[in-house]
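The file target-v4.txt contains compact mmCIF, C-alpha atoms:
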# COMPACT_ATOMS: atom_id res chain seq x y z
CA MET P 1 12.29 -2.65 11.12
CA LYS P 2 9.03 -4.38 11.95
CA SER P 3 7.64 -5.10 8.49
CA VAL P 4 5.89 -8.42 8.33
CA TYR P 5 5.49 -11.42 6.11
CA LEU P 6 2.10 -13.09 6.38
CA PRO P 7 1.69 -16.62 5.01
CA GLY P 8 -1.52 -17.74 3.32
CA PRO P 9 -3.84 -16.40 0.64
CA ARG P 10 -5.21 -13.54 2.75
CA ALA P 11 -3.74 -11.56 5.60
CA PRO P 12 -5.01 -12.43 9.09
CA LYS P 13 -6.32 -9.81 11.50
CA THR P 14 -3.28 -10.09 13.79
CA ALA P 15 0.44 -10.22 13.25
CA THR P 16 1.09 -12.95 15.81
CA ASP P 17 2.10 -15.47 13.13
CA ALA P 18 4.14 -12.95 11.16
CA TYR P 19 7.84 -13.14 10.39
CA ALA P 20 10.15 -10.20 9.75
CA ARG P 21 10.65 -9.61 6.04
CA THR P 22 12.54 -6.81 4.30
CA ASP P 23 12.99 -8.09 0.73
CA LEU P 24 9.50 -7.57 -0.69
CA THR P 25 9.33 -6.05 -4.13
CA ALA P 26 6.67 -3.58 -5.27
CA ASP P 27 5.14 -5.93 -7.84
CA MET P 28 2.87 -8.97 -8.11
CA ALA P 29 5.62 -11.29 -6.80
CA GLY P 30 5.86 -9.18 -3.63
CA LEU P 31 2.08 -9.23 -3.18
CA GLU P 32 1.97 -13.00 -3.69
CA SER P 33 4.71 -13.64 -1.14
CA ALA P 34 3.12 -11.37 1.49
CA PRO P 35 -0.60 -10.70 1.00
CA CYS P 36 -2.20 -7.87 2.95
CA ASP P 37 -5.63 -6.47 3.72
CA PRO P 38 -6.06 -3.70 2.67
CA LEU P 39 -3.52 -2.84 0.00
CA ILE P 40 -3.12 0.94 0.12
CA LEU P 41 -2.42 2.40 -3.32
CA ALA P 42 -1.25 5.88 -4.29
CA VAL P 43 -3.34 7.81 -6.81
CA ARG P 44 -2.35 11.08 -8.42
CA LEU P 45 -5.32 13.10 -9.62
CA ASP P 46 -3.28 15.72 -11.47
CA GLY P 47 -3.49 14.00 -14.84
CA HIS P 48 -0.25 12.05 -14.51
CA PRO P 49 -0.42 8.30 -15.17
CA LEU P 50 -0.44 5.84 -12.29
CA LYS P 51 3.02 4.81 -11.13
CA GLY P 52 4.78 2.15 -9.09
CA LEU P 53 2.77 -0.56 -7.36
CA THR P 54 -0.49 1.18 -8.25
CA ALA P 55 0.34 0.95 -11.96
CA ARG P 56 1.18 -2.75 -11.65
CA VAL P 57 -2.08 -3.48 -9.86
CA ASP P 58 -3.98 -1.39 -12.43
CA TRP P 59 -2.38 -3.41 -15.24
CA ARG P 60 -3.41 -6.68 -13.54
CA LEU P 61 -6.98 -5.35 -13.26
CA GLY P 62 -7.15 -4.30 -16.92
CA GLY P 63 -7.11 -0.55 -16.27
CA ARG P 64 -9.97 -0.44 -13.74
CA LEU P 65 -8.11 1.97 -11.44
CA SER P 66 -7.19 4.28 -14.32
CA LYS P 67 -10.84 4.33 -15.34
CA LEU P 68 -11.85 5.41 -11.81
CA VAL P 69 -9.33 8.25 -11.94
CA VAL P 70 -10.40 9.40 -15.43
CA GLU P 71 -14.08 9.34 -14.39
CA ASN P 72 -13.27 11.40 -11.25
CA GLN P 73 -14.60 8.71 -8.92
CA VAL P 74 -11.65 8.96 -6.49
CA PRO P 75 -12.37 11.48 -3.71
CA ASN P 76 -9.89 14.32 -3.22
CA HIS P 77 -9.62 14.23 0.58
CA ALA P 78 -10.70 10.74 1.62
CA PRO P 79 -9.72 7.19 0.66
CA LEU P 80 -11.79 5.04 -1.69
CA LEU P 81 -12.34 1.45 -0.54
CA LEU P 82 -12.72 -1.23 -3.21
CA PRO P 83 -13.69 -4.88 -2.61
CA PRO P 84 -11.18 -7.72 -3.12
CA PHE P 85 -10.48 -8.76 -6.70
CA ALA P 86 -9.96 -12.41 -7.63
CA LEU P 87 -7.03 -11.38 -9.86
CA LEU P 88 -5.03 -10.00 -6.91
CA PRO P 89 -3.36 -11.93 -4.08
CA CYS P 90 -4.47 -9.38 -1.47
CA GLY P 91 -7.64 -8.30 0.25
CA ARG P 92 -9.44 -5.02 -0.33
CA LEU P 93 -7.91 -2.03 -2.09
CA LEU P 94 -7.74 1.40 -0.49
CA LEU P 95 -7.02 4.18 -2.99
CA TRP P 96 -5.54 7.29 -1.43
CA ARG P 97 -4.60 10.55 -3.10
CA VAL P 98 -0.92 11.43 -2.85
CA GLY P 99 -0.19 14.47 -0.68
CA VAL P 100 -3.49 14.47 1.22
CA VAL P 101 -2.27 12.83 4.44
CA THR P 102 0.92 12.05 6.31
CA ALA P 103 1.94 8.48 7.12
CA TYR P 104 0.77 8.98 10.71
CA GLU P 105 -2.68 10.26 9.67
CA MET P 106 -3.00 7.35 7.23
CA ALA P 107 -2.15 4.87 9.99
CA GLN P 108 -4.78 6.40 12.29
CA LYS P 109 -7.52 6.22 9.62
CA VAL P 110 -6.66 2.63 8.70
CA GLU P 111 -6.77 1.64 12.38
CA GLN P 112 -10.14 3.40 12.83
CA MET P 113 -11.54 1.45 9.87
CA GLY P 114 -10.70 -1.82 11.64
CA PHE P 115 -8.61 -3.48 8.92
CA GLY P 116 -6.12 -6.28 9.36
CA ILE P 117 -2.47 -5.82 8.42
CA PRO P 118 -2.26 -3.19 5.64
CA GLY P 119 0.36 -3.07 2.93
CA LEU P 120 1.73 -0.23 0.85
CA CYS P 121 4.73 0.98 -1.12
CA PRO P 122 6.11 4.00 0.79
CA VAL P 123 7.95 5.33 -2.26
CA ASP P 124 4.65 5.72 -4.16
CA PHE P 125 3.46 8.16 -1.49
CA ALA P 126 6.86 9.91 -1.17
CA PHE P 127 7.14 8.50 2.37
CA THR P 128 10.21 6.83 3.80
CA ALA P 129 9.99 3.27 5.07
CA PHE P 130 11.12 4.54 8.48
CA ASP P 131 8.18 6.99 8.68
CA VAL P 132 5.60 4.40 7.61
CA ASP P 133 6.96 1.72 9.94
CA ALA P 134 6.88 4.14 12.88
CA ALA P 135 3.41 5.48 12.04
CA PHE P 136 1.87 2.00 11.79
CA GLU P 137 3.90 0.78 14.80
CA GLY P 138 5.27 -2.10 12.77
CA ARG P 139 1.85 -3.46 11.80
CA VAL P 140 2.33 -2.89 8.08
CA ILE P 141 3.76 -4.72 5.10
CA LEU P 142 6.17 -2.58 3.09
CA TYR P 143 6.58 -3.34 -0.60
CA GLY P 144 9.65 -1.96 -2.37
CA GLY P 145 10.45 0.27 0.57
CA ALA P 146 12.50 -1.90 2.87
CA LEU P 147 14.84 -0.01 5.15
CA SER P 148 17.87 -1.33 3.30
CA ASN P 149 16.44 -0.17 -0.05
CA ASP P 150 14.92 3.10 1.09
CA TYR P 151 14.73 5.71 -1.68
CA ARG P 152 15.69 9.07 -0.20
CA PRO P 153 16.50 12.19 -2.17
CA LEU P 154 20.15 13.17 -2.02
CA ARG P 155 20.82 16.44 -0.27
CA ILE P 156 23.87 18.23 -1.58

In structure tokens, how does this file's structure come out?
Amino acid sequence: MKSVYLPGPRAPKTATDAYARTDLTADMAGLESAPCDPLILAVRLDGHPLKGLTARVDWRLGGRLSKLVVENQVPNHAPLLLPPFALLPCGRLLLWRVGVVTAYEMAQKVEQMGFGIPGLCPVDFAFTAFDVDAAFEGRVILYGGALSNDYRPLRI
């Protein structure tokens, strides 16, 4: 796996100083140990509450993300870019609706936008860490979705 750990308060534009890391948790401790820019968060617009890493970030921001969802300010078919928040150890936030894109399409859009090293929790999007790592060609930070801790549905 090519997931990266980036030292420092903000993620640099390149991964040349990055070190392989597979033990990042999908919480504030994981974000603090490996900041990213942007942090891609999963948003469900079907009335269900925010979950996973998105819920933890929303809690840290005092419900600002939930307010955006309730006020229908998150687009259905495109991501919503938010500026960096002083309360978070990452760069900008990119809110993306679950089920709108595949991991590969997400990677293409993020690359077209010219961001640095993005970070996301694959489980929040119902992606596997393998799919995300391949789509971003290793230039991604995976929180809570390391290959050794990949959450896959059991097929019986």

Atom CA of P:Met113 to atom CA of P:Trp96 measures 14.1 Å

Excluding P:Phe115 and its own-chain neighbours fewer than 3 positions away, which residues fall within 12 Å of it when counting all atoms listed in the file? Please give them as a VMD selection string. chain P and resid 11 to 14 36 to 40 81 91 to 94 107 to 112 118 to 119 139 to 140

Could the residues in this selection be saved with C-alpha atoms as an mmCIF file, in the frame of the given file?
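Result written to part_20.cif:
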data_model
loop_
_atom_site.group_PDB
_atom_site.id
_atom_site.type_symbol
_atom_site.label_atom_id
_atom_site.label_comp_id
_atom_site.auth_asym_id
_atom_site.auth_seq_id
_atom_site.Cartn_x
_atom_site.Cartn_y
_atom_site.Cartn_z
ATOM 1 C CA ALA P 11 -3.740 -11.560 5.600
ATOM 2 C CA PRO P 12 -5.010 -12.430 9.090
ATOM 3 C CA LYS P 13 -6.320 -9.810 11.500
ATOM 4 C CA THR P 14 -3.280 -10.090 13.790
ATOM 5 C CA CYS P 36 -2.200 -7.870 2.950
ATOM 6 C CA ASP P 37 -5.630 -6.470 3.720
ATOM 7 C CA PRO P 38 -6.060 -3.700 2.670
ATOM 8 C CA LEU P 39 -3.520 -2.840 0.000
ATOM 9 C CA ILE P 40 -3.120 0.940 0.120
ATOM 10 C CA LEU P 81 -12.340 1.450 -0.540
ATOM 11 C CA GLY P 91 -7.640 -8.300 0.250
ATOM 12 C CA ARG P 92 -9.440 -5.020 -0.330
ATOM 13 C CA LEU P 93 -7.910 -2.030 -2.090
ATOM 14 C CA LEU P 94 -7.740 1.400 -0.490
ATOM 15 C CA ALA P 107 -2.150 4.870 9.990
ATOM 16 C CA GLN P 108 -4.780 6.400 12.290
ATOM 17 C CA LYS P 109 -7.520 6.220 9.620
ATOM 18 C CA VAL P 110 -6.660 2.630 8.700
ATOM 19 C CA GLU P 111 -6.770 1.640 12.380
ATOM 20 C CA GLN P 112 -10.140 3.400 12.830
ATOM 21 C CA PRO P 118 -2.260 -3.190 5.640
ATOM 22 C CA GLY P 119 0.360 -3.070 2.930
ATOM 23 C CA ARG P 139 1.850 -3.460 11.800
ATOM 24 C CA VAL P 140 2.330 -2.890 8.080
#

Of the candidates P:Pro79, P:Gly138, P:Pro89, P:Pro49, which shows the shortest atom-to-atom distance to P:Gly30, using all atoms listed in the file?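 So, comparing all the options, the nearest one is P:Pro89.
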
Residue with smallest distance to P:Asp131 - pool P:Thr102, P:Asn72, P:Ser66, P:Thr25, counting all atoms listed in the file: P:Thr102

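Nearest to P:Ala42 of all the residues P:Ala134, P:Cys90, P:Leu80, P:Ile117 is P:Leu80, based on all atoms listed in the file.
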
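Residue nearest P:Arg56 within the list P:Glu137, P:Leu24, P:Glu105, P:Leu41: P:Leu41 [criterion: smallest interatomic distance, all atoms listed in the file].
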
Quick one, how far is atom CA of P:His48 from atom CA of P:Phe130?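 We find that atom CA of P:His48 and atom CA of P:Phe130 lie 26.7 Å from each other.
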
Could you tell me how far atom CA of P:Leu65 lies from atom CA of P:Leu50, in Å and to one decimal?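 Pair atom CA of P:Leu65 / atom CA of P:Leu50 returns 8.6 Å.
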
Find, counting all atoms listed in the file, the residue in P:Pro35, P:Val43, P:Met106, P:Gly63 that gets nearest to P:Pro84.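 Distance minimum relative to P:Pro84 lands on P:Pro35.
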
Residue nearest P:Asp124 - candidates P:Pro75, P:Gly144, P:Pro83, P:Gly47, atoms counted: all atoms listed in the file: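 Closest to P:Asp124, using all atoms listed in the file: P:Gly144.
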
Enclose all atoms of stretch 82-99 of chain P listed in the file in an axis-aligned box, grow every side by 3 Å, and hand back centre and edge lengths in Å to one decimal, as JSON.
{"center_x": -6.9, "center_y": 1.0, "center_z": -4.8, "size_x": 19.5, "size_y": 32.9, "size_z": 16.1}

Skip stretch 120-123 of chain P itself and residues of its chain fewer than 2 positions away, then list as a PyMOL selection string all residues within 6 Å of it, counting only C-alpha atoms. chain P and resi 39-40+125-129+142-145
